[in-house]
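Below: structure_28.txt (compact mmCIF, C-alpha atoms)
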# COMPACT_ATOMS: atom_id res chain seq x y z
CA MET O 1419 -79.53 36.54 2.41
CA SER O 1420 -80.66 33.06 1.43
CA ALA O 1421 -79.37 31.74 -1.89
CA ARG O 1422 -82.50 29.63 -2.29
CA THR O 1423 -85.01 32.49 -2.10
CA GLY O 1424 -83.15 35.76 -1.67
CA LEU O 1425 -85.02 36.32 1.59
CA GLY O 1426 -83.34 37.63 4.72
CA ALA O 1427 -82.98 35.46 7.82
CA LEU O 1428 -85.70 37.34 9.69
CA GLU O 1429 -88.09 37.03 6.78
CA VAL O 1430 -87.53 33.28 6.70
CA ALA O 1431 -88.03 33.14 10.48
CA VAL O 1432 -91.38 34.89 10.07
CA LEU O 1433 -92.52 32.36 7.47
CA ALA O 1434 -91.45 29.49 9.72
CA ALA O 1435 -93.29 30.99 12.69
CA VAL O 1436 -96.52 31.40 10.69
CA ALA O 1437 -96.23 27.78 9.54
CA GLU O 1438 -95.53 26.61 13.08
CA VAL O 1439 -98.85 27.96 14.33
CA GLY O 1440 -100.64 26.24 11.45
CA GLY O 1441 -101.06 29.22 9.16
CA ARG O 1442 -100.79 27.35 5.86
CA PRO O 1443 -102.61 28.29 2.65
CA GLY O 1444 -106.00 26.63 2.69
CA ALA O 1445 -105.98 26.41 6.47
CA GLY O 1446 -107.69 29.11 8.47
CA HIS O 1447 -105.94 32.29 9.43
CA ARG O 1448 -104.10 32.25 12.75
CA TRP O 1449 -103.94 34.95 15.40
CA THR O 1450 -101.01 37.23 14.74
CA THR O 1451 -100.17 37.30 18.45
CA HIS O 1452 -99.45 33.56 18.30
CA VAL O 1453 -96.97 34.14 15.48
CA LEU O 1454 -95.35 36.97 17.43
CA ASP O 1455 -95.10 34.74 20.50
CA VAL O 1456 -93.20 32.14 18.46
CA LEU O 1457 -90.84 34.78 17.07
CA GLU O 1458 -90.20 36.10 20.58
CA SER O 1459 -89.58 32.71 22.14
CA GLU O 1460 -87.57 31.13 19.33
CA GLN O 1461 -85.79 34.10 17.75
CA ASP O 1462 -85.70 36.70 20.56
CA PHE O 1463 -87.42 38.90 17.99
CA GLY O 1464 -89.81 41.15 19.87
CA ALA O 1465 -93.25 42.19 18.65
CA ARG O 1466 -92.34 45.87 18.25
CA TYR O 1467 -89.78 44.82 15.62
CA ALA O 1468 -91.57 41.80 14.22
CA TYR O 1469 -95.07 43.16 13.62
CA PRO O 1470 -93.97 45.88 11.14
CA LEU O 1471 -91.99 43.21 9.28
CA LEU O 1472 -95.09 41.02 9.04
CA GLN O 1473 -97.00 44.02 7.70
CA ASP O 1474 -94.39 44.55 4.99
CA LEU O 1475 -94.46 40.90 3.96
CA ALA O 1476 -98.26 40.99 3.71
CA ALA O 1477 -98.67 44.27 1.80
CA PRO O 1478 -99.28 44.05 -1.97
CA TRP O 1479 -98.26 47.73 -2.20
CA ARG O 1480 -94.82 46.77 -0.89
CA ARG O 1481 -94.10 43.52 -2.75
CA HIS O 1482 -95.13 42.06 -6.08
CA LEU O 1483 -95.57 38.70 -4.36
CA PRO O 1484 -96.71 39.06 -0.74
CA LEU O 1485 -95.51 36.20 1.40
CA LEU O 1486 -98.33 36.47 3.91
CA ASP O 1487 -102.09 36.39 3.50
CA PRO O 1488 -103.50 38.75 6.10
CA SER O 1489 -106.96 39.06 7.63
CA GLY O 1490 -108.24 42.14 9.43
CA ASN O 1491 -106.80 45.63 9.27
CA TRP O 1492 -103.16 45.35 8.23
CA GLY O 1493 -102.88 48.97 7.18
CA THR O 1494 -103.72 50.59 3.86
CA LYS O 1495 -102.20 52.28 0.85
CA HIS O 1496 -103.45 55.51 2.37
CA GLY O 1497 -100.97 55.05 5.21
CA ASP O 1498 -103.48 54.04 7.85
CA PRO O 1499 -101.83 51.99 10.60
CA ALA O 1500 -102.59 48.31 11.13
CA ALA O 1501 -104.83 47.30 14.00
CA ASP O 1502 -103.18 45.98 17.12
CA ALA O 1503 -101.82 42.47 16.60
CA ARG O 1504 -104.49 41.13 18.99
CA TYR O 1505 -107.10 41.95 16.36
CA THR O 1506 -105.44 40.63 13.19
CA GLU O 1507 -104.87 37.18 11.73
CA VAL O 1508 -102.46 35.79 9.20
CA ARG O 1509 -101.42 32.75 7.22
CA LEU O 1510 -98.84 32.03 4.53
CA SER O 1511 -99.72 33.05 1.00
CA GLU O 1512 -99.16 30.43 -1.70
CA VAL O 1513 -95.90 32.17 -2.57
CA GLY O 1514 -94.94 32.32 1.10
CA ALA O 1515 -95.51 28.59 1.48
CA LEU O 1516 -93.44 27.93 -1.64
CA ALA O 1517 -90.63 30.13 -0.32
CA LEU O 1518 -90.61 28.24 2.96
CA ALA O 1519 -90.57 24.92 1.12
CA ALA O 1520 -87.63 26.15 -0.94
CA GLU O 1521 -85.80 27.20 2.20
CA ARG O 1522 -86.34 23.73 3.66
CA GLY O 1523 -85.19 21.98 0.50
CA GLU O 1524 -88.68 20.62 -0.21
CA ALA O 1525 -88.81 22.59 -3.47
CA GLY O 1526 -86.23 24.08 -5.77
CA PRO O 1527 -85.03 27.67 -5.30
CA VAL O 1528 -87.43 30.52 -6.11
CA PRO O 1529 -86.07 33.87 -7.33
CA LEU O 1530 -87.87 36.15 -4.88
CA GLY O 1531 -84.75 38.22 -4.31
CA LEU O 1532 -84.40 38.87 -8.04
CA VAL O 1533 -88.04 39.90 -8.27
CA GLU O 1534 -88.51 41.98 -5.15
CA GLY O 1535 -85.06 43.50 -4.69
CA SER O 1536 -84.62 45.42 -1.47
CA LEU O 1537 -86.15 48.80 -2.26
CA TYR O 1538 -89.33 47.85 -0.38
CA ARG O 1539 -87.26 47.89 2.80
CA ASP O 1540 -85.29 51.01 1.77
CA GLY O 1541 -82.45 48.98 0.26
CA PRO O 1542 -80.76 49.92 -3.04
CA VAL O 1543 -82.06 47.14 -5.31
CA PRO O 1544 -85.28 47.91 -7.21
CA PRO O 1545 -87.94 45.29 -7.99
CA PHE O 1546 -88.55 43.76 -11.41
CA ALA O 1547 -91.65 42.32 -13.04
CA PRO O 1548 -92.13 38.73 -11.79
CA ASP O 1549 -93.18 37.36 -15.17
CA ARG O 1550 -90.20 38.94 -16.94
CA VAL O 1551 -87.75 37.55 -14.37
CA LEU O 1552 -89.34 34.12 -14.58
CA GLU O 1553 -89.28 34.15 -18.37
CA ALA O 1554 -85.62 35.15 -18.42
CA LEU O 1555 -84.66 32.41 -15.99
CA MET O 1556 -86.68 29.74 -17.78
CA THR O 1557 -85.36 30.61 -21.23
CA GLY O 1558 -81.83 31.54 -20.27
CA GLY O 1559 -82.52 35.10 -21.31
CA ALA O 1560 -80.28 37.93 -20.23
CA ASP O 1561 -82.93 40.60 -19.92
CA ALA O 1562 -85.76 40.95 -17.42
CA GLY O 1563 -86.73 44.43 -18.51
CA PRO O 1564 -86.58 47.65 -16.52
CA PRO O 1565 -87.53 47.92 -12.86
CA VAL O 1566 -91.26 47.64 -12.26
CA LEU O 1567 -92.84 48.72 -8.99
CA PRO O 1568 -95.56 46.72 -7.26
CA THR O 1569 -97.44 50.00 -6.90
CA GLY O 1570 -97.21 50.73 -10.63
CA GLY O 1571 -96.20 54.24 -11.54
CA THR O 1572 -93.24 55.41 -13.56
CA VAL O 1573 -89.55 54.60 -13.23
CA GLU O 1574 -87.18 57.01 -14.98
CA GLY O 1575 -83.45 57.48 -14.96
CA ASP O 1576 -80.37 55.83 -16.35
CA ILE O 1577 -81.84 52.33 -16.51
CA GLU O 1578 -79.02 51.16 -18.75
CA ALA O 1579 -76.42 52.08 -16.13
CA LEU O 1580 -78.49 50.42 -13.43
CA LEU O 1581 -78.79 47.16 -15.37
CA ALA O 1582 -75.05 47.25 -16.04
CA GLY O 1583 -74.49 47.23 -12.27
CA ARG O 1584 -73.62 50.89 -11.87
CA ARG O 1585 -75.11 53.29 -9.37
CA ALA O 1586 -78.10 55.13 -10.79
CA ARG O 1587 -80.53 57.67 -9.45
CA LEU O 1588 -84.05 56.63 -10.31
CA ARG O 1589 -87.07 58.87 -10.27
CA LEU O 1590 -90.21 57.06 -9.20
CA GLY O 1591 -93.41 58.82 -10.09
CA CYS O 1592 -97.18 58.68 -10.05
CA THR O 1593 -99.06 57.76 -13.16
CA VAL O 1594 -100.86 60.91 -14.27
CA VAL O 1595 -103.97 60.58 -16.44
CA VAL O 1596 -105.46 63.63 -18.17
CA GLU O 1597 -109.25 64.01 -17.94
CA PRO O 1598 -111.28 67.07 -18.97
CA GLY O 1599 -110.50 69.81 -16.46
CA ARG O 1600 -108.40 67.64 -14.21
CA LEU O 1601 -105.44 65.36 -13.77
CA VAL O 1602 -105.89 62.04 -12.04
CA LEU O 1603 -103.12 60.19 -10.23
CA THR O 1604 -103.79 56.47 -10.48
CA GLU O 1605 -100.55 54.85 -9.36
CA ILE O 1606 -98.01 55.92 -6.75
CA PRO O 1607 -94.30 55.37 -6.14
CA LEU O 1608 -93.16 52.56 -3.87
CA GLY O 1609 -93.09 53.72 -0.26
CA VAL O 1610 -95.44 56.66 -0.79
CA THR O 1611 -98.88 56.70 0.82
CA ILE O 1612 -101.99 58.29 -0.66
CA ASP O 1613 -102.51 60.50 2.40
CA LEU O 1614 -98.95 61.83 2.18
CA LEU O 1615 -99.45 62.56 -1.51
CA VAL O 1616 -102.69 64.46 -0.95
CA GLU O 1617 -101.28 66.35 2.03
CA HIS O 1618 -98.29 67.70 0.15
CA LEU O 1619 -100.24 68.47 -3.00
CA ALA O 1620 -102.68 70.47 -0.87
CA ASN O 1621 -99.80 72.27 0.86
CA ARG O 1622 -98.17 73.24 -2.43
CA ILE O 1623 -101.49 74.41 -3.86
CA ALA O 1624 -102.09 76.55 -0.76
CA VAL O 1625 -98.60 78.08 -0.90
CA GLN O 1626 -98.87 78.81 -4.62
CA ARG O 1627 -102.50 79.97 -4.66
CA ALA O 1628 -101.71 83.66 -5.08
CA PRO O 1629 -100.07 85.06 -8.23
CA ARG O 1630 -96.30 85.14 -7.77
CA HIS O 1631 -93.07 85.57 -9.67
CA THR O 1632 -92.46 83.35 -12.65
CA SER O 1633 -89.78 80.84 -11.85
CA SER O 1634 -86.32 82.22 -12.42
CA LEU O 1635 -85.08 78.65 -12.39
CA ALA O 1636 -87.04 77.49 -15.40
CA GLY O 1637 -84.60 76.27 -17.98
CA CYS O 1638 -81.65 75.94 -15.63
CA ASP O 1639 -79.34 73.06 -16.54
CA GLY O 1640 -80.68 73.36 -20.06
CA VAL O 1641 -83.65 71.13 -19.32
CA ASP O 1642 -87.20 71.74 -18.25
CA GLY O 1643 -87.55 73.86 -15.16
CA ILE O 1644 -90.25 73.58 -12.56
CA PRO O 1645 -92.90 76.28 -12.46
CA GLY O 1646 -92.44 76.48 -8.71
CA GLY O 1647 -92.91 80.19 -8.22
CA ALA O 1648 -95.84 80.80 -10.55
CA THR O 1649 -99.43 80.40 -9.44
CA ALA O 1650 -100.27 76.72 -9.16
CA PRO O 1651 -102.21 75.49 -12.20
CA VAL O 1652 -104.13 73.22 -9.84
CA LEU O 1653 -107.00 74.63 -7.80
CA ASP O 1654 -107.79 71.74 -5.54
CA VAL O 1655 -106.91 68.13 -4.79
CA ARG O 1656 -109.40 65.43 -3.84
CA ASP O 1657 -108.88 61.84 -2.83
CA GLU O 1658 -111.54 59.79 -4.62
CA SER O 1659 -109.80 56.45 -4.04
CA LEU O 1660 -112.11 53.59 -3.27
CA PHE O 1661 -110.77 50.27 -4.53
CA GLY O 1662 -107.97 51.65 -6.66
CA ILE O 1663 -106.08 54.90 -6.44
CA ARG O 1664 -107.75 58.04 -7.73
CA VAL O 1665 -106.33 61.34 -6.56
CA VAL O 1666 -107.98 64.14 -8.55
CA CYS O 1667 -106.20 67.44 -9.18
CA VAL O 1668 -108.75 70.03 -10.36
CA LEU O 1669 -107.18 72.37 -12.91
CA ARG O 1670 -107.44 76.13 -12.83
CA ALA O 1671 -109.61 77.48 -15.68
CA GLY O 1672 -107.57 77.63 -18.87
CA ALA O 1673 -104.62 75.73 -17.39
CA ASP O 1674 -102.64 73.76 -19.92
CA PRO O 1675 -102.75 70.05 -18.96
CA ASP O 1676 -99.09 69.56 -19.90
CA ASP O 1677 -97.97 72.49 -17.75
CA ALA O 1678 -100.21 71.29 -14.96
CA SER O 1679 -98.82 67.79 -15.25
CA ARG O 1680 -95.29 69.17 -14.99
CA TRP O 1681 -96.28 71.17 -11.92
CA VAL O 1682 -97.96 68.17 -10.28
CA ARG O 1683 -94.89 66.05 -10.95
CA SER O 1684 -92.71 68.72 -9.33
CA VAL O 1685 -94.49 68.11 -6.04
CA TRP O 1686 -92.85 65.70 -3.64
CA PRO O 1687 -93.84 62.84 -3.33
CA VAL O 1688 -95.67 62.73 -6.67
CA THR O 1689 -92.12 62.03 -7.78
CA VAL O 1690 -89.36 60.81 -5.47
CA GLU O 1691 -85.74 60.03 -6.16
CA VAL O 1692 -83.87 56.98 -4.97
CA ASP O 1693 -80.27 55.94 -5.46
CA CYS O 1694 -80.17 52.36 -6.71
CA ARG O 1695 -77.50 49.84 -7.48
CA LEU O 1696 -77.75 46.17 -8.34
CA PRO O 1697 -75.30 43.81 -6.59
CA ALA O 1698 -74.08 42.77 -10.07
CA PRO O 1699 -75.08 43.47 -13.67
CA MET O 1700 -78.58 42.11 -14.29
CA ARG O 1701 -77.34 39.85 -17.06
CA ARG O 1702 -74.88 38.25 -14.62
CA ARG O 1703 -77.46 38.00 -11.83
CA LEU O 1704 -79.80 36.09 -14.12
CA ALA O 1705 -77.05 33.83 -15.45
CA ALA O 1706 -75.68 33.07 -11.98
CA TRP O 1707 -79.02 32.20 -10.42
CA ASP O 1708 -79.08 28.52 -9.53
CA GLY O 1709 -82.55 27.10 -10.00
CA GLY O 1710 -81.65 23.62 -8.76
CA ASP O 1711 -84.01 21.03 -10.23
CA GLY O 1712 -86.29 23.81 -11.52
CA SER O 1713 -89.22 22.72 -9.39
CA GLY O 1714 -89.34 26.00 -7.47
CA LEU O 1715 -89.32 28.01 -10.65
CA ALA O 1716 -92.06 25.87 -12.17
CA ALA O 1717 -94.18 26.13 -9.03
CA LEU O 1718 -93.77 29.90 -8.94
CA GLY O 1719 -94.69 30.08 -12.62
CA ALA O 1720 -97.89 28.20 -11.88
CA LEU O 1721 -98.79 30.74 -9.20
CA LEU O 1722 -98.33 33.83 -11.37
CA MET D 68 -87.40 64.79 -17.59
CA LEU D 69 -88.11 67.39 -14.94
CA ASN D 70 -85.20 69.28 -13.51
CA LEU D 71 -85.86 68.08 -9.99
CA PRO D 72 -82.74 69.58 -8.37
CA CYS D 73 -84.64 72.84 -8.67
CA ARG D 74 -87.05 71.49 -6.09
CA GLN D 75 -84.54 71.96 -3.28
CA ALA D 76 -83.68 75.48 -4.45
CA LEU D 77 -87.35 76.39 -4.58
CA LEU D 78 -87.83 75.14 -1.03
CA ALA D 79 -84.90 77.28 0.10
CA ALA D 80 -86.54 80.27 -1.60
CA GLU D 81 -89.88 79.54 0.07
CA LEU D 82 -88.21 79.36 3.48
CA ALA D 83 -86.39 82.63 2.86
CA ARG D 84 -89.59 84.24 1.57
CA CYS D 85 -91.28 83.24 4.83
CA GLY D 86 -88.50 84.86 6.83
CA ALA D 87 -86.52 81.83 7.94
CA ALA D 88 -82.90 82.79 8.64
CA VAL D 89 -81.19 79.65 7.44
CA VAL D 90 -78.02 78.92 5.50
CA VAL D 91 -78.19 76.31 2.75
CA VAL D 92 -75.38 73.77 3.04
CA GLY D 93 -74.49 70.42 1.47
CA GLY D 94 -75.34 69.31 -2.04
CA THR D 95 -77.93 72.00 -2.69
CA ALA D 96 -75.44 74.72 -1.70
CA ARG D 97 -72.96 73.29 -4.18
CA TRP D 98 -75.63 73.09 -6.85
CA LEU D 99 -76.73 76.69 -6.21
CA ARG D 100 -73.13 77.92 -6.37
CA SER D 101 -71.93 75.95 -9.35
CA GLY D 102 -74.71 73.85 -10.83
CA ALA D 103 -72.70 70.75 -9.96
CA GLY D 104 -74.15 67.59 -8.47
CA ARG D 105 -77.69 66.37 -7.99
CA PRO D 106 -78.96 66.98 -4.45
CA ARG D 107 -81.66 64.67 -3.18
CA ASP D 108 -82.77 66.90 -0.31
CA LEU D 109 -82.25 70.34 1.20
CA ASP D 110 -79.86 70.74 4.13
CA VAL D 111 -79.97 73.96 6.11
CA VAL D 112 -78.21 75.26 9.21
CA VAL D 113 -80.13 77.50 11.59
CA GLY D 114 -78.91 79.28 14.70
CA PRO D 115 -80.73 78.39 17.94
CA SER D 116 -82.24 81.86 18.25
CA SER D 117 -83.71 81.60 14.75
CA VAL D 118 -85.45 78.27 15.29
CA PRO D 119 -88.85 79.80 16.21
CA THR D 120 -88.84 81.80 12.97
CA LEU D 121 -87.98 78.68 10.99
CA VAL D 122 -90.80 76.80 12.69
CA ARG D 123 -93.25 79.55 11.72
CA ALA D 124 -91.97 79.45 8.15
CA LEU D 125 -92.44 75.70 8.04
CA GLY D 126 -95.96 76.14 9.38
CA SER D 127 -96.80 78.48 6.52
CA LEU D 128 -95.65 75.74 4.13
CA GLY D 129 -97.96 73.26 5.81
CA VAL D 130 -95.24 71.46 7.74
CA ALA D 131 -95.91 70.87 11.42
CA ALA D 132 -92.88 71.51 13.63
CA ARG D 133 -92.25 72.43 17.24
CA ALA D 134 -89.39 74.72 18.22
CA ALA D 135 -88.76 72.86 21.47
CA ALA D 136 -88.36 69.55 19.62
CA VAL D 137 -86.03 71.08 17.01
CA LEU D 138 -83.86 72.63 19.70
CA ARG D 139 -83.80 69.37 21.67
CA CYS D 140 -82.92 67.09 18.74
CA ARG D 141 -80.78 69.61 16.77
CA ASP D 142 -80.71 67.43 13.63
CA VAL D 143 -84.26 67.04 12.36
CA ARG D 144 -85.79 65.85 9.08
CA PHE D 145 -89.07 67.21 7.76
CA ALA D 146 -91.13 66.11 4.75
CA THR D 147 -92.29 69.00 2.59
CA GLY D 148 -94.02 69.37 -0.73
CA TRP D 149 -90.60 70.16 -2.22
CA GLY D 150 -88.98 67.05 -0.77
CA PRO D 151 -87.13 66.21 2.42
CA LEU D 152 -85.61 69.01 4.50
CA ASP D 153 -82.79 68.35 6.97
CA VAL D 154 -82.37 71.04 9.61
CA PHE D 155 -79.19 71.34 11.67
CA VAL D 156 -79.24 73.64 14.68
CA ASP D 157 -75.77 75.12 14.98
CA GLY D 158 -73.77 78.24 14.39
CA CYS D 159 -74.35 79.39 10.83
CA PRO D 160 -71.35 79.06 8.51
CA PRO D 161 -70.08 81.92 6.33
CA SER D 162 -72.50 82.45 3.49
CA THR D 163 -73.05 84.27 0.27
CA THR D 164 -76.34 85.28 -1.29
CA VAL D 165 -77.89 83.63 -4.32
CA LEU D 166 -81.10 84.91 -5.86
CA VAL D 167 -83.71 82.21 -6.32
CA GLU D 168 -87.11 83.29 -7.63
CA GLY D 169 -85.95 86.82 -6.91
CA VAL D 170 -85.55 85.92 -3.26
CA PRO D 171 -82.12 86.22 -1.60
CA VAL D 172 -81.09 82.83 -0.24
CA ALA D 173 -78.08 82.45 2.06
CA VAL D 174 -75.77 79.75 0.73
CA MET D 175 -72.66 78.48 2.47
CA VAL D 176 -69.47 79.60 0.76
CA ALA D 177 -67.26 76.88 -0.66
CA GLY D 178 -64.97 75.43 2.01
Translate this structure into structure tokens?
Amino acid sequence: MSARTGLGALEVAVLAAVAEVGGRPGAGHRWTTHVLDVLESEQDFGARYAYPLLQDLAAPWRRHLPLLDPSGNWGTKHGDPAADARYTEVRLSEVGALALAAERGEAGPVPLGLVEGSLYRDGPVPPFAPDRVLEALMTGGADAGPPVLPTGGTVEGDIEALLAGRRARLRLGCTVVVEPGRLVLTEIPLGVTIDLLVEHLANRIAVQRAPRHTSSLAGCDGVDGIPGGATAPVLDVRDESLFGIRVVCVLRAGADPDDASRWVRSVWPVTVEVDCRLPAPMRRRLAAWDGGDGSGLAALGALL
Amino acid sequence: MLNLPCRQALLAAELARCGAAVVVVGGTARWLRSGAGRPRDLDVVVGPSSVPTLVRALGSLGVAARAAAVLRCRDVRFATGWGPLDVFVDGCPPSTTVLVEGVPVAVMVAG
């Protein structure tokens, strides 16, 4: 991992390849196949490996600060696949160009590793809010707040242990908004697609449509149980997402919204669990970060 | 916070309710026996002859599976509305019965 940006070697190679074909911010987009050709010829990094990496670096539902600015169908939050690379184009985002400049010593270091972590690629380090990280680094603060996902949603668990550098199991969840007669999911956990969410909600509703036993597990462990065996308090699920996320769970007549919310949150992947661990206590990570002449930090601040 | 370890137990109960002859192993088995630990997923062992029944049970939970693929791969992960399910095709270990939702669930005895 690069000390100047926190990016991996392959991620840096992707940025360099996009720049090599002229895909700079302000310039036009470049054919993705040209980028993939450069990665194949210079890095022996074939398209079947490289294209998914490009998609990750371009997706705002994966990273707070996408490094690539895509054009065409690069996939969706629903989980739709990207178009073939022959039909998509790409260039560096402003942040991507800054990261590449930092890697080449043309700008000071930028704390992308501190911001993005590694959870977006199934690593153990969760992301943090870019503005909070930046503020902490600029002021010498020791706190960048709790993890914040680029997809929004909730992050629960032993945050204190996590920030102290200990292993912690985090529960990432959808944001659930109560409306008359329904619950609306407006934000999703990192790594979860809307289609997956709707599919499993529909499956659970179908399985629990008929009246059944009341959960014998409610109250186990001395905390709230999940009403898994009772009739689902949700009648139907509809995906009304257009520009944002809006997954509507229609409540059964007379269903208590709090009970229904608990039931909805019991469905995987409305909530998912991930085991996280920072490479060092957050306070130490912030203190140890070397910003060089500060130009990278200032440039990143101007972009946020 | 929700008691999410229950999610794995509820999935085991649903599978048993649908007739799947599986034995719960791993972290969920330990949790069902003693309440210890925090399983992240459900691990089950199924005998080769019981794979078709398991596949039918998964189908009734909305999970697409093919018996031939399960038998070929032997260790298979499925995504379900109760979380991930890891299936291991093998001889079933000694088990005891735990009631979940009033449904008898076979749980591996402590080794």
Quick one: distance from atom CA of Leu1433 of chain O to atom CA of Glu1512 of chain O in Å, one decimal?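 One can read the atom CA of Leu1433 of chain O to atom CA of Glu1512 of chain O distance as 11.5 Å.
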Can you pull out the residues contacting Ser101 of chain D? Cut-off 12 Å, using all atoms listed in the file, and skip same-chain residues under 3 positions away; I want them as number ranges by chain. O: 1638-1639; D: 94-98, 104-105, 165, 174, 176-177
Pick out the residues sitting within 7 Å of Arg1422 of chain O, and hand them over as a PyMOL selection string; count all atoms listed in the file, and ignore anything fewer than 6 positions along from it in its own chain. chain O and resi 1520-1521+1527-1528
Hey, which of D:Leu82, D:Leu99, D:Val89, D:Val167 ends up closest to Val130 of chain D? Count only C-alpha atoms.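 Using only C-alpha atoms, the shortest distance to Val130 of chain D belongs to D:Leu82.
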Considering only C-alpha atoms, return as a list in words whatever protein or nucleic-acid residues lie within 12 Å of Cys140 of chain D, sequence-local ones (same chain, fewer than 5 positions apart) excluded.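 In the requested form, the answer reads Pro115, Val118, Arg133, Ala134, Ala135, Asp153, Val154, Phe155, Val156 and Asp157 of chain D.
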Would you mind telling me which residue in D:Arg74, D:Arg100, D:Ala132, D:Arg123 lies nearest to Leu166 of chain D when using all atoms listed in the file?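 Closest candidate: D:Arg100.
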May I ask you to extract the residues of chain D within 10 Å of chain O, using all atoms listed in the file, and to give them as a compact mmCIF listing (two decimals) with C-alpha atoms, keeping the file's coordinate frame?
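New file iface_13.txt:
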# COMPACT_ATOMS: atom_id res chain seq x y z
CA MET D 68 -87.40 64.79 -17.59
CA LEU D 69 -88.11 67.39 -14.94
CA ASN D 70 -85.20 69.28 -13.51
CA LEU D 71 -85.86 68.08 -9.99
CA PRO D 72 -82.74 69.58 -8.37
CA CYS D 73 -84.64 72.84 -8.67
CA ARG D 74 -87.05 71.49 -6.09
CA ALA D 76 -83.68 75.48 -4.45
CA LEU D 77 -87.35 76.39 -4.58
CA LEU D 78 -87.83 75.14 -1.03
CA ALA D 80 -86.54 80.27 -1.60
CA GLU D 81 -89.88 79.54 0.07
CA GLY D 102 -74.71 73.85 -10.83
CA ALA D 103 -72.70 70.75 -9.96
CA ARG D 105 -77.69 66.37 -7.99
CA PRO D 106 -78.96 66.98 -4.45
CA ARG D 107 -81.66 64.67 -3.18
CA ASP D 108 -82.77 66.90 -0.31
CA SER D 127 -96.80 78.48 6.52
CA LEU D 128 -95.65 75.74 4.13
CA GLY D 129 -97.96 73.26 5.81
CA VAL D 130 -95.24 71.46 7.74
CA ALA D 146 -91.13 66.11 4.75
CA THR D 147 -92.29 69.00 2.59
CA GLY D 148 -94.02 69.37 -0.73
CA TRP D 149 -90.60 70.16 -2.22
CA GLY D 150 -88.98 67.05 -0.77
CA PRO D 151 -87.13 66.21 2.42
CA LEU D 166 -81.10 84.91 -5.86
CA VAL D 167 -83.71 82.21 -6.32
CA GLU D 168 -87.11 83.29 -7.63
CA GLY D 169 -85.95 86.82 -6.91
CA VAL D 170 -85.55 85.92 -3.26
Within-8 Å shell of (-108.4, 62.4, -5.1) in input frame, all atoms listed in the file, as a list in words: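 Residues close enough to count: Val1602, Leu1603, Val1616, Val1655, Arg1656, Asp1657, Glu1658, Ser1659, Ile1663, Arg1664, Val1665, Val1666 and Cys1667 of chain O.
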Work out how far atom CA of Gly1672 of chain O is from atom CA of Leu1653 of chain O, in Å to one decimal.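 If I compute the distance from atom CA of Leu1653 of chain O to atom CA of Gly1672 of chain O, I get 11.5 Å.
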Centre, edges in Å (one decimal): axis-aligned box, segment 114-125 of chain D, 3 Å padding on all six sides, as lines of an AutoDock Vina configuration file:
center_x = -86.1
center_y = 78.8
center_z = 13.1
size_x = 20.3
size_y = 12.2
size_z = 16.2
Just give me the gap between atom CA of Ala1717 of chain O and atom CA of Gly1514 of chain O in Å, one decimal is fine.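 Answer for the atom CA of Ala1717 of chain O to atom CA of Gly1514 of chain O separation: 11.9 Å.
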Write out as a list of chain:residue names which residues come within 10 Å of Leu1486 of chain O when counting only C-alpha atoms, dropping same-chain ones fewer than 4 positions away.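 Listing them by chain and then by number gives O:Val1432, O:Leu1433, O:Val1436, O:Gly1441, O:Arg1442, O:Pro1443, O:Leu1472, O:Gln1473, O:Asp1474, O:Leu1475, O:Ala1476, O:Ala1477, O:Pro1478, O:Val1508, O:Arg1509, O:Leu1510, O:Ser1511, O:Glu1512, O:Val1513, O:Gly1514, O:Ala1515.
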Write out as a PDB file with C-alpha atoms, in the frame of the given file the residues lying within 7 Å of Gly1570 of chain O, counting all atoms listed in the file and excluding same-chain residues fewer than 2 positions away.
ATOM      1  CA  VAL O1566     -91.260  47.640 -12.260  1.00  0.00           C
ATOM      2  CA  LEU O1567     -92.840  48.720  -8.990  1.00  0.00           C
ATOM      3  CA  PRO O1568     -95.560  46.720  -7.260  1.00  0.00           C
ATOM      4  CA  THR O1572     -93.240  55.410 -13.560  1.00  0.00           C
ATOM      5  CA  GLU O1605    -100.550  54.850  -9.360  1.00  0.00           C
ATOM      6  CA  ILE O1606     -98.010  55.920  -6.750  1.00  0.00           C
TER       7      ILE O1606
END
